[in-house]
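A.B. asks: Sharing entry-v6.cif here; it has mmCIF, C-alpha atoms.
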data_model
loop_
_atom_site.label_atom_id
_atom_site.label_comp_id
_atom_site.auth_asym_id
_atom_site.auth_seq_id
_atom_site.Cartn_x
_atom_site.Cartn_y
_atom_site.Cartn_z
CA MET A 24 147.83 181.48 96.45
CA SER A 25 148.81 177.88 96.14
CA SER A 26 147.74 174.68 97.81
CA THR A 27 149.23 171.24 98.06
CA VAL A 28 147.13 168.31 96.94
CA GLN A 29 147.71 165.25 99.10
CA ASP A 30 148.04 161.91 97.36
CA SER A 31 145.07 159.64 97.93
CA PRO A 32 144.20 156.17 96.74
CA GLN A 33 142.71 156.16 93.28
CA LYS A 34 139.00 155.46 93.34
CA PRO A 35 137.60 153.12 90.73
CA THR A 36 135.48 154.65 88.03
CA GLY A 37 131.83 153.70 87.89
CA PHE A 38 130.16 151.94 90.79
CA ARG A 39 129.90 148.42 92.05
CA ILE A 40 126.61 146.74 92.80
CA PRO A 41 126.81 146.27 96.59
CA LEU A 42 124.67 143.13 96.68
CA PRO A 43 126.41 139.72 96.76
CA PHE A 44 125.95 137.53 93.72
CA TRP A 45 123.50 135.12 95.39
CA ALA A 46 121.27 138.06 96.34
CA GLN A 47 121.31 139.33 92.76
CA ILE A 48 120.20 135.88 91.54
CA LEU A 49 117.46 135.76 94.18
CA ILE A 50 116.17 139.17 93.13
CA GLY A 51 116.23 137.97 89.51
CA LEU A 52 114.12 134.97 90.48
CA VAL A 53 111.55 137.12 92.27
CA VAL A 54 111.37 139.68 89.46
CA GLY A 55 111.15 136.91 86.87
CA VAL A 56 108.25 135.21 88.65
CA GLY A 57 106.47 138.56 89.00
CA LEU A 58 106.89 139.57 85.36
CA GLY A 59 105.98 136.07 84.21
CA ALA A 60 102.76 136.15 86.22
CA ILE A 61 101.89 139.58 84.81
CA ALA A 62 102.58 138.40 81.25
CA ARG A 63 100.44 135.29 81.66
CA ASN A 64 97.53 136.66 83.69
CA GLY A 65 97.36 139.90 81.70
CA GLU A 66 98.04 138.16 78.37
CA VAL A 67 100.83 140.65 77.67
CA GLU A 68 102.37 139.05 74.58
CA TRP A 69 105.17 141.57 74.13
CA LEU A 70 106.35 140.94 77.71
CA THR A 71 106.32 137.16 77.16
CA THR A 72 108.32 137.63 73.95
CA THR A 73 110.79 139.94 75.69
CA LEU A 74 111.32 137.49 78.56
CA ASP A 75 111.81 134.67 76.07
CA GLN A 76 114.39 136.67 74.13
CA ILE A 77 116.32 137.67 77.26
CA GLY A 78 116.47 134.07 78.48
CA SER A 79 117.34 132.69 75.03
CA ILE A 80 120.18 135.17 74.52
CA PHE A 81 121.63 134.35 77.94
CA VAL A 82 121.56 130.59 77.27
CA GLN A 83 122.97 131.12 73.78
CA LEU A 84 125.87 133.11 75.21
CA LEU A 85 126.61 130.25 77.59
CA LYS A 86 126.43 127.68 74.79
CA LEU A 87 128.59 129.77 72.48
CA ALA A 88 131.79 128.73 74.23
CA VAL A 89 130.71 125.18 75.13
CA ALA A 90 132.50 123.29 72.33
CA PRO A 91 135.95 124.96 72.59
CA LEU A 92 135.65 125.18 76.38
CA VAL A 93 135.07 121.44 76.74
CA PHE A 94 137.88 120.61 74.32
CA PHE A 95 140.55 122.77 75.91
CA ALA A 96 139.39 122.11 79.47
CA ILE A 97 139.64 118.34 79.02
CA LEU A 98 142.94 118.61 77.12
CA VAL A 99 144.58 120.85 79.72
CA SER A 100 143.12 118.88 82.63
CA ILE A 101 144.66 115.64 81.36
CA THR A 102 148.07 117.26 80.93
CA ASN A 103 147.80 118.84 84.38
CA LEU A 104 147.59 115.39 85.92
CA ARG A 105 151.34 115.04 85.30
CA LYS A 106 151.81 117.59 88.09
CA VAL A 107 149.87 115.47 90.58
CA ASN A 108 151.28 112.54 92.49
CA ASN A 109 149.36 109.28 91.94
CA ALA A 110 147.46 110.77 88.99
CA ALA A 111 146.15 107.39 87.85
CA ARG A 112 144.92 106.63 91.36
CA LEU A 113 143.15 110.01 91.59
CA ALA A 114 141.49 109.52 88.21
CA SER A 115 140.27 106.02 89.07
CA ARG A 116 139.03 107.09 92.52
CA THR A 117 137.17 110.01 90.94
CA LEU A 118 135.43 107.72 88.46
CA LEU A 119 134.65 105.24 91.25
CA TRP A 120 132.96 107.90 93.39
CA PHE A 121 131.07 109.22 90.37
CA MET A 122 129.64 105.72 89.94
CA ILE A 123 128.94 105.21 93.67
CA THR A 124 126.99 108.45 94.00
CA SER A 125 125.13 107.75 90.73
CA LEU A 126 124.13 104.33 92.06
CA ILE A 127 122.81 105.86 95.28
CA ALA A 128 120.91 108.51 93.31
CA VAL A 129 119.21 106.07 90.93
CA VAL A 130 118.13 103.85 93.85
CA ILE A 131 116.59 106.90 95.54
CA GLY A 132 114.81 107.76 92.29
CA LEU A 133 113.40 104.25 91.92
CA VAL A 134 112.18 104.15 95.52
CA ILE A 135 110.43 107.52 95.17
CA GLY A 136 108.85 106.49 91.86
CA LEU A 137 107.59 103.17 93.21
CA VAL A 138 106.17 104.76 96.36
CA THR A 139 104.39 107.71 94.70
CA ASN A 140 103.47 106.26 91.27
CA PRO A 141 103.79 109.66 89.52
CA GLY A 142 101.80 108.58 86.44
CA ALA A 143 98.59 108.10 88.39
CA GLY A 144 95.90 110.79 88.33
CA THR A 145 97.45 112.88 85.54
CA GLY A 146 94.70 112.19 83.05
CA LEU A 147 97.36 111.63 80.39
CA THR A 148 97.01 108.85 77.81
CA PRO A 149 99.37 107.36 75.20
CA LYS A 150 97.74 109.66 72.61
CA ASP A 151 99.19 112.67 74.44
CA GLY A 152 102.73 111.48 73.69
CA ALA A 153 104.81 112.05 70.59
CA LYS A 154 108.06 110.54 69.40
CA PRO A 155 111.11 112.83 69.75
CA ASP A 156 112.98 113.94 66.65
CA SER A 157 116.06 112.01 67.77
CA THR A 158 116.56 109.17 70.20
CA GLY A 159 119.48 107.65 72.03
CA SER A 160 120.57 104.04 71.73
CA TRP A 161 123.56 102.03 72.90
CA ILE A 162 124.73 101.57 69.31
CA ASP A 163 124.58 105.32 68.71
CA PHE A 164 126.25 105.93 72.05
CA LEU A 165 129.15 103.57 71.39
CA THR A 166 129.67 104.39 67.71
CA GLY A 167 129.03 108.08 68.29
CA ILE A 168 132.07 108.49 70.51
CA ILE A 169 134.46 108.50 67.55
CA PRO A 170 133.86 111.43 65.13
CA THR A 171 133.96 111.08 61.35
CA ASP A 172 135.86 114.37 61.08
CA ILE A 173 137.25 117.03 63.40
CA ILE A 174 134.87 119.85 62.42
CA THR A 175 131.37 118.35 62.74
CA PRO A 176 131.52 117.71 66.53
CA PHE A 177 132.08 121.43 67.07
CA THR A 178 129.44 122.64 64.60
CA GLU A 179 126.82 120.15 65.83
CA LEU A 180 127.91 120.42 69.48
CA ASN A 181 128.50 116.71 69.99
CA VAL A 182 130.15 116.96 73.39
CA LEU A 183 130.94 113.26 73.70
CA GLN A 184 133.01 113.34 70.49
CA ILE A 185 134.69 116.57 71.60
CA VAL A 186 135.67 114.90 74.88
CA PHE A 187 137.12 111.94 72.93
CA MET A 188 139.25 114.19 70.70
CA ALA A 189 140.41 116.26 73.66
CA ALA A 190 141.41 113.15 75.60
CA VAL A 191 143.39 111.81 72.64
CA ALA A 192 145.09 115.17 72.14
CA GLY A 193 145.92 115.49 75.84
CA ILE A 194 147.43 112.01 76.04
CA ALA A 195 149.42 112.66 72.85
CA ILE A 196 150.85 115.87 74.32
CA LEU A 197 151.93 113.95 77.41
CA LYS A 198 153.61 111.29 75.27
CA ILE A 199 155.40 113.81 73.02
CA GLY A 200 156.72 115.73 76.01
CA GLU A 201 158.88 118.83 75.60
CA LYS A 202 158.28 119.23 71.85
CA ALA A 203 154.56 119.68 72.52
CA GLU A 204 155.04 122.41 75.14
CA PRO A 205 154.19 125.27 72.70
CA ILE A 206 150.86 123.59 71.90
CA LEU A 207 150.13 123.10 75.58
CA THR A 208 150.99 126.73 76.35
CA LEU A 209 148.69 127.91 73.56
CA SER A 210 145.91 125.61 74.81
CA GLU A 211 146.22 126.97 78.35
CA SER A 212 146.04 130.55 77.03
CA ILE A 213 142.95 129.79 74.95
CA LEU A 214 141.31 128.13 77.97
CA GLU A 215 141.98 131.22 80.08
CA LEU A 216 140.51 133.40 77.35
CA LEU A 217 137.35 131.28 77.13
CA GLN A 218 136.94 131.22 80.90
CA LYS A 219 137.32 135.00 81.10
CA ALA A 220 134.66 135.46 78.41
CA LEU A 221 132.33 133.06 80.23
CA TRP A 222 132.88 134.97 83.48
CA TRP A 223 131.45 138.03 81.79
CA VAL A 224 128.42 135.99 80.74
CA ILE A 225 128.07 134.59 84.27
CA LEU A 226 127.93 138.13 85.62
CA LEU A 227 124.79 138.61 83.50
CA SER A 228 123.08 135.72 85.32
CA PRO A 229 120.67 137.92 87.33
CA ILE A 230 119.31 139.39 84.08
CA GLY A 231 119.24 135.95 82.45
CA THR A 232 117.36 134.65 85.49
CA VAL A 233 114.59 137.20 84.96
CA GLY A 234 114.14 136.06 81.36
CA LEU A 235 114.36 132.30 81.95
CA ILE A 236 112.11 132.12 85.00
CA GLY A 237 109.73 134.77 83.69
CA ASN A 238 109.29 132.97 80.37
CA ALA A 239 108.71 129.64 82.13
CA ILE A 240 105.90 131.15 84.22
CA ALA A 241 104.43 133.09 81.30
CA THR A 242 104.49 130.09 78.96
CA TYR A 243 103.52 127.24 81.25
CA GLY A 244 101.93 128.90 84.26
CA TRP A 245 100.98 126.85 87.28
CA ASP A 246 98.42 124.72 85.41
CA LEU A 247 101.09 122.58 83.79
CA ILE A 248 102.92 122.13 87.06
CA SER A 249 99.71 121.04 88.78
CA LYS A 250 99.01 118.50 86.02
CA TYR A 251 102.43 116.97 86.61
CA ALA A 252 102.39 117.77 90.33
CA THR A 253 103.45 114.35 91.62
CA PHE A 254 106.10 113.86 88.94
CA THR A 255 107.53 117.36 89.48
CA ALA A 256 107.54 116.89 93.25
CA ASP A 257 109.25 113.52 92.86
CA ILE A 258 112.08 115.00 90.79
CA TYR A 259 112.60 117.91 93.18
CA ILE A 260 112.40 115.73 96.28
CA GLY A 261 114.73 113.13 94.79
CA CYS A 262 117.29 115.73 93.79
CA ALA A 263 116.98 117.45 97.17
CA LEU A 264 117.60 114.15 98.98
CA VAL A 265 120.76 113.58 96.94
CA MET A 266 122.01 117.17 97.17
CA PHE A 267 121.14 117.88 100.81
CA GLY A 268 121.18 114.34 102.16
CA VAL A 269 123.57 112.03 100.34
CA TYR A 270 126.34 114.55 99.60
CA PRO A 271 126.42 116.02 103.15
CA LEU A 272 126.43 112.50 104.61
CA LEU A 273 129.39 111.48 102.44
CA LEU A 274 131.20 114.74 103.16
CA SER A 275 130.82 114.34 106.93
CA THR A 276 131.51 110.58 107.16
CA VAL A 277 133.90 109.87 104.27
CA ALA A 278 135.65 113.21 103.79
CA LYS A 279 135.21 114.18 107.46
CA VAL A 280 134.54 117.84 106.69
CA ASN A 281 131.71 120.21 107.59
CA PRO A 282 128.99 119.83 104.92
CA LEU A 283 127.54 123.25 105.71
CA GLN A 284 130.88 124.78 104.76
CA PHE A 285 130.71 122.91 101.45
CA PHE A 286 127.41 124.53 100.55
CA LYS A 287 128.71 127.92 101.63
CA GLY A 288 131.58 127.59 99.18
CA ALA A 289 129.77 125.78 96.36
CA TRP A 290 126.46 127.67 96.44
CA PRO A 291 127.31 130.22 93.70
CA ALA A 292 127.87 127.40 91.20
CA ILE A 293 124.78 125.49 92.35
CA GLN A 294 122.49 128.49 91.94
CA LEU A 295 123.94 129.39 88.54
CA ALA A 296 123.34 125.79 87.43
CA PHE A 297 119.73 126.09 88.61
CA VAL A 298 119.21 129.16 86.45
CA SER A 299 121.27 128.30 83.37
CA ARG A 300 120.39 124.58 83.21
CA SER A 301 123.87 123.89 81.81
CA SER A 302 126.59 121.96 83.65
CA VAL A 303 129.17 122.88 81.03
CA GLY A 304 128.15 126.55 81.05
CA THR A 305 128.58 126.57 84.83
CA MET A 306 131.92 124.74 84.65
CA PRO A 307 134.26 127.79 85.05
CA LEU A 308 132.42 128.77 88.22
CA THR A 309 132.38 125.16 89.46
CA VAL A 310 136.14 125.03 89.01
CA LYS A 311 136.59 128.23 91.02
CA VAL A 312 134.38 127.18 93.95
CA THR A 313 136.01 123.74 94.09
CA GLU A 314 139.44 125.33 94.25
CA ARG A 315 138.17 127.66 96.99
CA LEU A 316 137.09 124.57 98.93
CA GLY A 317 140.71 123.48 99.17
CA VAL A 318 140.94 120.98 96.31
CA PRO A 319 144.34 121.34 94.54
CA LYS A 320 144.11 123.27 91.28
CA GLU A 321 145.84 120.55 89.26
CA TYR A 322 143.31 117.94 90.39
CA THR A 323 140.33 120.30 90.14
CA SER A 324 141.19 121.15 86.54
CA PHE A 325 140.80 117.45 85.74
CA ALA A 326 137.94 116.37 88.01
CA VAL A 327 135.47 119.20 87.33
CA PRO A 328 135.62 119.18 83.49
CA PHE A 329 135.46 115.39 83.61
CA GLY A 330 132.45 115.62 85.90
CA ALA A 331 130.74 118.31 83.82
CA THR A 332 130.54 115.83 80.94
CA THR A 333 129.90 112.58 82.84
CA LYS A 334 128.66 113.29 86.40
CA MET A 335 124.87 113.70 86.11
CA ASP A 336 123.05 112.51 89.23
CA GLY A 337 120.07 114.75 88.48
CA CYS A 338 119.74 114.22 84.71
CA ALA A 339 121.07 110.68 84.43
CA ALA A 340 119.96 109.01 87.67
CA ILE A 341 117.03 110.65 89.46
CA TYR A 342 115.18 111.83 86.34
CA PRO A 343 115.28 108.75 84.06
CA SER A 344 114.43 106.36 86.90
CA ILE A 345 111.29 108.27 87.91
CA ALA A 346 110.43 109.09 84.28
CA ALA A 347 110.60 105.42 83.27
CA ILE A 348 108.11 104.50 85.99
CA PHE A 349 105.91 107.43 84.90
CA VAL A 350 105.93 106.40 81.22
CA ALA A 351 105.38 102.73 82.05
CA HIS A 352 102.24 103.61 84.00
CA ILE A 353 100.80 105.81 81.24
CA PHE A 354 101.36 103.09 78.62
CA ASP A 355 100.26 100.32 81.01
CA VAL A 356 103.58 98.45 80.89
CA GLN A 357 104.59 96.34 83.86
CA LEU A 358 108.17 96.74 85.06
CA GLY A 359 109.92 93.92 86.90
CA ILE A 360 113.21 93.35 88.68
CA LYS A 361 115.05 92.97 85.37
CA GLU A 362 113.80 96.35 84.15
CA TYR A 363 114.73 98.09 87.40
CA LEU A 364 118.24 96.61 87.20
CA LEU A 365 118.49 97.87 83.62
CA ILE A 366 117.55 101.37 84.80
CA VAL A 367 120.36 101.19 87.36
CA PHE A 368 122.80 99.98 84.71
CA VAL A 369 121.89 102.72 82.23
CA SER A 370 122.08 105.42 84.90
CA VAL A 371 125.50 104.39 86.22
CA ILE A 372 127.17 103.51 82.91
CA GLY A 373 125.39 105.66 80.34
CA SER A 374 125.43 109.06 82.04
CA ALA A 375 128.09 110.35 79.65
CA ALA A 376 125.37 110.43 76.99
CA THR A 377 123.90 113.55 78.62
CA ALA A 378 127.22 115.34 78.04
CA GLY A 379 126.50 118.33 80.27
CA LEU A 380 124.10 120.03 77.90
CA THR A 381 120.78 121.62 78.76
CA GLY A 382 118.11 118.94 79.04
CA ALA A 383 118.28 115.16 79.52
CA THR A 384 116.23 113.94 76.56
CA VAL A 385 119.08 111.79 75.23
CA MET A 386 119.42 110.00 78.57
CA LEU A 387 115.66 109.46 78.81
CA THR A 388 115.43 108.03 75.29
CA LEU A 389 118.41 105.79 76.02
CA THR A 390 116.66 104.49 79.13
CA LEU A 391 113.30 103.97 77.42
CA SER A 392 114.86 102.21 74.43
CA THR A 393 116.82 99.90 76.74
CA LEU A 394 113.63 99.00 78.61
CA GLY A 395 111.59 98.66 75.41
CA LEU A 396 109.19 101.41 76.47
CA PRO A 397 107.44 103.55 73.81
CA MET A 398 109.43 106.58 72.67
CA GLU A 399 106.19 108.56 72.65
CA GLY A 400 106.67 108.75 76.41
CA VAL A 401 109.32 111.40 75.85
CA GLY A 402 106.70 113.71 74.37
CA LEU A 403 104.68 113.53 77.57
CA LEU A 404 107.51 115.15 79.50
CA LEU A 405 108.93 117.72 77.09
CA ALA A 406 106.58 120.51 78.16
CA ILE A 407 107.54 120.25 81.82
CA ASP A 408 111.24 119.63 81.10
CA PRO A 409 112.57 123.21 81.59
CA ILE A 410 111.10 123.39 85.08
CA LEU A 411 112.54 119.99 86.00
CA ASP A 412 115.90 120.72 84.43
CA MET A 413 116.67 123.55 86.82
CA MET A 414 116.76 121.25 89.85
CA ARG A 415 118.39 118.41 87.92
CA THR A 416 121.30 120.59 86.79
CA ALA A 417 121.79 122.08 90.25
CA THR A 418 122.12 118.53 91.58
CA ASN A 419 124.56 117.64 88.81
CA VAL A 420 126.85 120.56 89.65
CA ALA A 421 126.67 119.94 93.39
CA GLY A 422 127.95 116.43 92.74
CA GLN A 423 130.64 117.69 90.38
CA ALA A 424 132.03 119.79 93.24
CA ALA A 425 131.38 117.33 96.08
CA VAL A 426 133.17 114.31 94.60
CA PRO A 427 136.54 116.10 94.13
CA VAL A 428 136.31 117.27 97.75
CA ILE A 429 135.64 113.71 98.91
CA VAL A 430 138.46 112.23 96.84
CA ALA A 431 140.92 114.98 97.82
CA ALA A 432 140.09 114.49 101.50
CA ARG A 433 140.46 110.70 101.24
CA GLU A 434 143.82 111.07 99.49
CA GLY A 435 145.10 113.62 102.02
CA ILE A 436 145.52 116.46 99.53
CA LEU A 437 142.58 118.63 100.65
CA ASP A 438 143.58 121.99 102.14
CA LYS A 439 141.42 121.89 105.28
CA GLU A 440 142.23 125.49 106.17
CA ALA A 441 141.10 126.71 102.76
CA TYR A 442 137.98 124.55 103.01
CA ASP A 443 137.02 125.97 106.38
CA SER A 444 137.55 129.55 105.19
CA ALA A 445 135.86 129.27 101.77
CA THR A 446 133.88 132.37 100.93
CA ALA A 447 130.25 132.36 99.86
CA SER A 448 130.78 133.95 96.46
CA PRO A 449 134.04 133.91 94.53
CA ILE A 450 132.52 136.27 91.96
CA ASP A 451 132.30 139.02 94.57
CA ASP A 452 135.99 138.58 95.31
CA ARG A 453 137.25 138.04 91.77
CA GLU A 454 135.35 140.68 89.88
CA SER A 455 132.17 142.33 91.06
CA VAL A 456 129.62 143.56 88.63
CA ALA A 457 130.68 147.06 87.62
CA VAL A 458 128.66 149.56 85.70
CA ALA A 459 130.50 152.36 83.90
CA ALA A 460 129.66 155.85 84.98
#
Mind turning this structure into structure tokens?
C.D. replies:
Amino acid sequence: MSSTVQDSPQKPTGFRIPLPFWAQILIGLVVGVGLGAIARNGEVEWLTTTLDQIGSIFVQLLKLAVAPLVFFAILVSITNLRKVNNAARLASRTLLWFMITSLIAVVIGLVIGLVTNPGAGTGLTPKDGAKPDSTGSWIDFLTGIIPTDIITPFTELNVLQIVFMAAVAGIAILKIGEKAEPILTLSESILELLQKALWWVILLSPIGTVGLIGNAIATYGWDLISKYATFTADIYIGCALVMFGVYPLLLSTVAKVNPLQFFKGAWPAIQLAFVSRSSVGTMPLTVKVTERLGVPKEYTSFAVPFGATTKMDGCAAIYPSIAAIFVAHIFDVQLGIKEYLLIVFVSVIGSAATAGLTGATVMLTLTLSTLGLPMEGVGLLLAIDPILDMMRTATNVAGQAAVPVIVAAREGILDKEAYDSATASPIDDRESVAVAA
């Protein structure tokens, strides 16, 4: 007896996690808070160590590709500008809007700091501070742009020098023309390879979230947050005002698009930035969501990598402005109009010093040194920094996606249909998390 087997679509092996990416991150946050509370309240040292290791490995995986990713992303993005009409105009408008939004953000930070006086009532004294191992200065910033060799910037992860070398290489390729095409093709292939590898790391974000959030709760608990309650609230409120107030206002009035649709499309990148605390580590996802929002790929491939290394409204505007007021109060230093103008200047011009890495210590030391405030003030804020950095980085990435949308809309190159139909999570569409059977 025989039977005929009808052809049927091939089913994928293994199974896909049915939850959307944002839900996986949310579950990771909840689980992380729960495990962190258990580790701290029950003094479960092995659980604290495990959470620390999980979070550290996740961040290390993100950082692993940072140096080559920044180099090839900047190089390729500069060469891609040749495919865009009015490339010089787009680049200048992008930089202009980076500066405009940074100016708005630092003013918001100063107003919040002056109104709330976050240094009052903390019980902290100058003796509680300690000088950081390294500090930022304008001399270091200006002289540090040009590397002494081509290897050290990659081994020491000096992103600013990597950006400089990538820009020089990209411009040189454009000048050489056809003879440099093989190098450009190789660079594009390497960039694709790095982005693919980082996508795999990004898919591990829910697990990384458990470790990072859990370790923060287990290590610091709520006592530390309560000690810095006003300062922490100021940072979160300031970032929230920029992210959910300034950007939507500019999107609706300048770009004339629906701001709610922007957050629908950009949210995966924003939440990954919140967890990972790395603008550069989030960059591949930021590129994808910005493209999904209708910004041309050729322009996105320039604007987002450029923004990931220079556009820091959270780390370079909100944070240093409020932190400077906080440190000045603890050390009983009076700030005047001149000092506030210096804070604005440093925030708008010096944001490249943060270079998209986790933390904003370099930017804070640059601000304090410019104002003549004691460097020991940095030590007062190091303990609370990981908790603050989550919101700061999320704000950074939101701006890195919002500005290209604004510029593209103003220049008439934004695909409005794509913007209006942007999906909530490009990861779900591109490659869902699959577990082998």
A.B. asks: Here's the selection I'm unsure about, the PyMOL selection byres ((chain A and resi 90-94) around 7); applied to the file above, which residues does it give, as a count of residues only?
C.D. replies: 14
A.B. asks: Write out as a VMD selection string the residues lying within 7 Å of stretch 334-351 of chain A, counting all atoms listed in the file and excluding same-chain residues fewer than 2 positions away.
C.D. replies: chain A and resid 121 125 128 to 129 132 to 133 136 140 to 142 258 261 to 262 330 to 332 353 to 357 366 370 374 383 386 to 387 390 to 391 396 400 415 to 416 418 to 419 423
A.B. asks: Do you know which residues the PyMOL selection byres ((chain A and resi 57-71) around 9) returns on this file, as a list in words?
C.D. replies: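 Matching residues under the PyMOL selection byres ((chain A and resi 57-71) around 9) are Leu52, Val53, Val54, Gly55, Val56, Thr72, Thr73, Leu74, Asp75, Gln76, Val233, Gly234, Ile236, Gly237, Asn238, Ala239, Ile240, Ala241, Thr242, Tyr243 and Gly244 of chain A.
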A.B. asks: If you keep C-alpha atoms, can you produce a file of those selected residues as a CSV table (one decimal), in the coordinates of the input?
C.D. replies:
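Saved file selection.csv follows:
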chain,number,residue,atom,x,y,z
A,52,LEU,CA,114.1,135.0,90.5
A,53,VAL,CA,111.6,137.1,92.3
A,54,VAL,CA,111.4,139.7,89.5
A,55,GLY,CA,111.2,136.9,86.9
A,56,VAL,CA,108.2,135.2,88.6
A,72,THR,CA,108.3,137.6,74.0
A,73,THR,CA,110.8,139.9,75.7
A,74,LEU,CA,111.3,137.5,78.6
A,75,ASP,CA,111.8,134.7,76.1
A,76,GLN,CA,114.4,136.7,74.1
A,233,VAL,CA,114.6,137.2,85.0
A,234,GLY,CA,114.1,136.1,81.4
A,236,ILE,CA,112.1,132.1,85.0
A,237,GLY,CA,109.7,134.8,83.7
A,238,ASN,CA,109.3,133.0,80.4
A,239,ALA,CA,108.7,129.6,82.1
A,240,ILE,CA,105.9,131.2,84.2
A,241,ALA,CA,104.4,133.1,81.3
A,242,THR,CA,104.5,130.1,79.0
A,243,TYR,CA,103.5,127.2,81.2
A,244,GLY,CA,101.9,128.9,84.3
A.B. asks: Find the residues around A:Asn281 up to 12 Å (only C-alpha atoms counted), leave out those fewer than 2 positions away in its own chain, and share them as a list in words.
C.D. replies: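 Skipping anything fewer than 2 positions along the chain leaves Tyr270, Pro271, Leu272, Leu273, Leu274, Ser275, Thr276, Val277, Ala278, Lys279, Leu283, Gln284, Phe285, Phe286, Lys287, Gly288, Leu316, Ala425, Val428, Ile429, Ala432, Lys439, Glu440, Tyr442, Asp443, Ser444 and Ala445 of chain A.
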A.B. asks: Grab the atom CA of A:Gly304 to atom CA of A:Leu85 distance for me, in Å with one decimal place.
C.D. replies: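 Answer for the atom CA of A:Gly304 to atom CA of A:Leu85 separation: 5.3 Å.
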A.B. asks: Could you work out how far atom CA of A:Val312 lies from atom CA of A:Val426, giving the answer in Å with one decimal?
C.D. replies: 12.9 Å
A.B. asks: Do you have the atom CA of A:Thr255-atom CA of A:Ile80 distance handy?
C.D. replies: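 That distance, rounded to one decimal, is 26.5 Å.
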A.B. asks: Hey, could you pull the box centre and edge lengths for stretch 137-141 of chain A, axis-aligned, 5 Å padding per side, all listed atoms, to one decimal in Å, as AutoDock Vina command-line options?
C.D. replies:
--center_x 105.5 --center_y 106.4 --center_z 92.9 --size_x 14.1 --size_y 16.5 --size_z 16.8
A.B. asks: Looking at only C-alpha atoms, which of A:Leu411, A:Lys198, A:Val130, A:Val318 is the one that sits closest to A:Gly435?
C.D. replies: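 Ranking A:Leu411, A:Lys198, A:Val130, A:Val318 by distance to A:Gly435, first place goes to A:Val318.
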A.B. asks: Evaluate the PyMOL selection byres ((chain A and resi 102) around 12) on the structure here and hand back the selected residues as a PDB file with C-alpha atoms, keeping the file's coordinate frame.
C.D. replies:
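Contents of out-v1.pdb, as written:
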ATOM      1  CA  PHE A  95     140.550 122.770  75.910  1.00  0.00           C
ATOM      2  CA  ALA A  96     139.390 122.110  79.470  1.00  0.00           C
ATOM      3  CA  ILE A  97     139.640 118.340  79.020  1.00  0.00           C
ATOM      4  CA  LEU A  98     142.940 118.610  77.120  1.00  0.00           C
ATOM      5  CA  VAL A  99     144.580 120.850  79.720  1.00  0.00           C
ATOM      6  CA  SER A 100     143.120 118.880  82.630  1.00  0.00           C
ATOM      7  CA  ILE A 101     144.660 115.640  81.360  1.00  0.00           C
ATOM      8  CA  ASN A 103     147.800 118.840  84.380  1.00  0.00           C
ATOM      9  CA  LEU A 104     147.590 115.390  85.920  1.00  0.00           C
ATOM     10  CA  ARG A 105     151.340 115.040  85.300  1.00  0.00           C
ATOM     11  CA  LYS A 106     151.810 117.590  88.090  1.00  0.00           C
ATOM     12  CA  VAL A 107     149.870 115.470  90.580  1.00  0.00           C
ATOM     13  CA  ALA A 110     147.460 110.770  88.990  1.00  0.00           C
ATOM     14  CA  ALA A 189     140.410 116.260  73.660  1.00  0.00           C
ATOM     15  CA  ALA A 190     141.410 113.150  75.600  1.00  0.00           C
ATOM     16  CA  VAL A 191     143.390 111.810  72.640  1.00  0.00           C
ATOM     17  CA  ALA A 192     145.090 115.170  72.140  1.00  0.00           C
ATOM     18  CA  GLY A 193     145.920 115.490  75.840  1.00  0.00           C
ATOM     19  CA  ILE A 194     147.430 112.010  76.040  1.00  0.00           C
ATOM     20  CA  ALA A 195     149.420 112.660  72.850  1.00  0.00           C
ATOM     21  CA  ILE A 196     150.850 115.870  74.320  1.00  0.00           C
ATOM     22  CA  LEU A 197     151.930 113.950  77.410  1.00  0.00           C
ATOM     23  CA  LYS A 198     153.610 111.290  75.270  1.00  0.00           C
ATOM     24  CA  ILE A 199     155.400 113.810  73.020  1.00  0.00           C
ATOM     25  CA  GLY A 200     156.720 115.730  76.010  1.00  0.00           C
ATOM     26  CA  ALA A 203     154.560 119.680  72.520  1.00  0.00           C
ATOM     27  CA  GLU A 204     155.040 122.410  75.140  1.00  0.00           C
ATOM     28  CA  ILE A 206     150.860 123.590  71.900  1.00  0.00           C
ATOM     29  CA  LEU A 207     150.130 123.100  75.580  1.00  0.00           C
ATOM     30  CA  THR A 208     150.990 126.730  76.350  1.00  0.00           C
ATOM     31  CA  SER A 210     145.910 125.610  74.810  1.00  0.00           C
ATOM     32  CA  GLU A 211     146.220 126.970  78.350  1.00  0.00           C
ATOM     33  CA  GLU A 321     145.840 120.550  89.260  1.00  0.00           C
ATOM     34  CA  TYR A 322     143.310 117.940  90.390  1.00  0.00           C
ATOM     35  CA  SER A 324     141.190 121.150  86.540  1.00  0.00           C
ATOM     36  CA  PHE A 325     140.800 117.450  85.740  1.00  0.00           C
TER      37      PHE A 325
END
A.B. asks: Between A:Leu295, A:Met306, A:Leu42, A:Leu405, single out the one closest to A:Thr323, counting only C-alpha atoms.
C.D. replies: A:Met306
A.B. asks: Counting all atoms listed in the file, write as an NGL selection string all protein and nucleic acid residues lying at most 10 Å from (121.6, 129.2, 90.8) in the file's frame.
C.D. replies: :A and (44-45 or 48-49 or 52 or 228-229 or 232 or 290-300 or 305 or 413-414 or 416-417)
A.B. asks: Could you tell me which of A:Gln184, A:Ser212, A:Gln218, A:Ser115 comes closest to A:Leu87 if we count all atoms listed in the file?
C.D. replies: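 Under the stated criterion, the closest residue is A:Gln218.
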A.B. asks: From the list A:Glu399, A:Ile135, A:Gly422, A:Arg116, which residue is nearest A:Ile260 when using all atoms listed in the file?
C.D. replies: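 For A:Ile260, the nearest of the candidates is A:Ile135.
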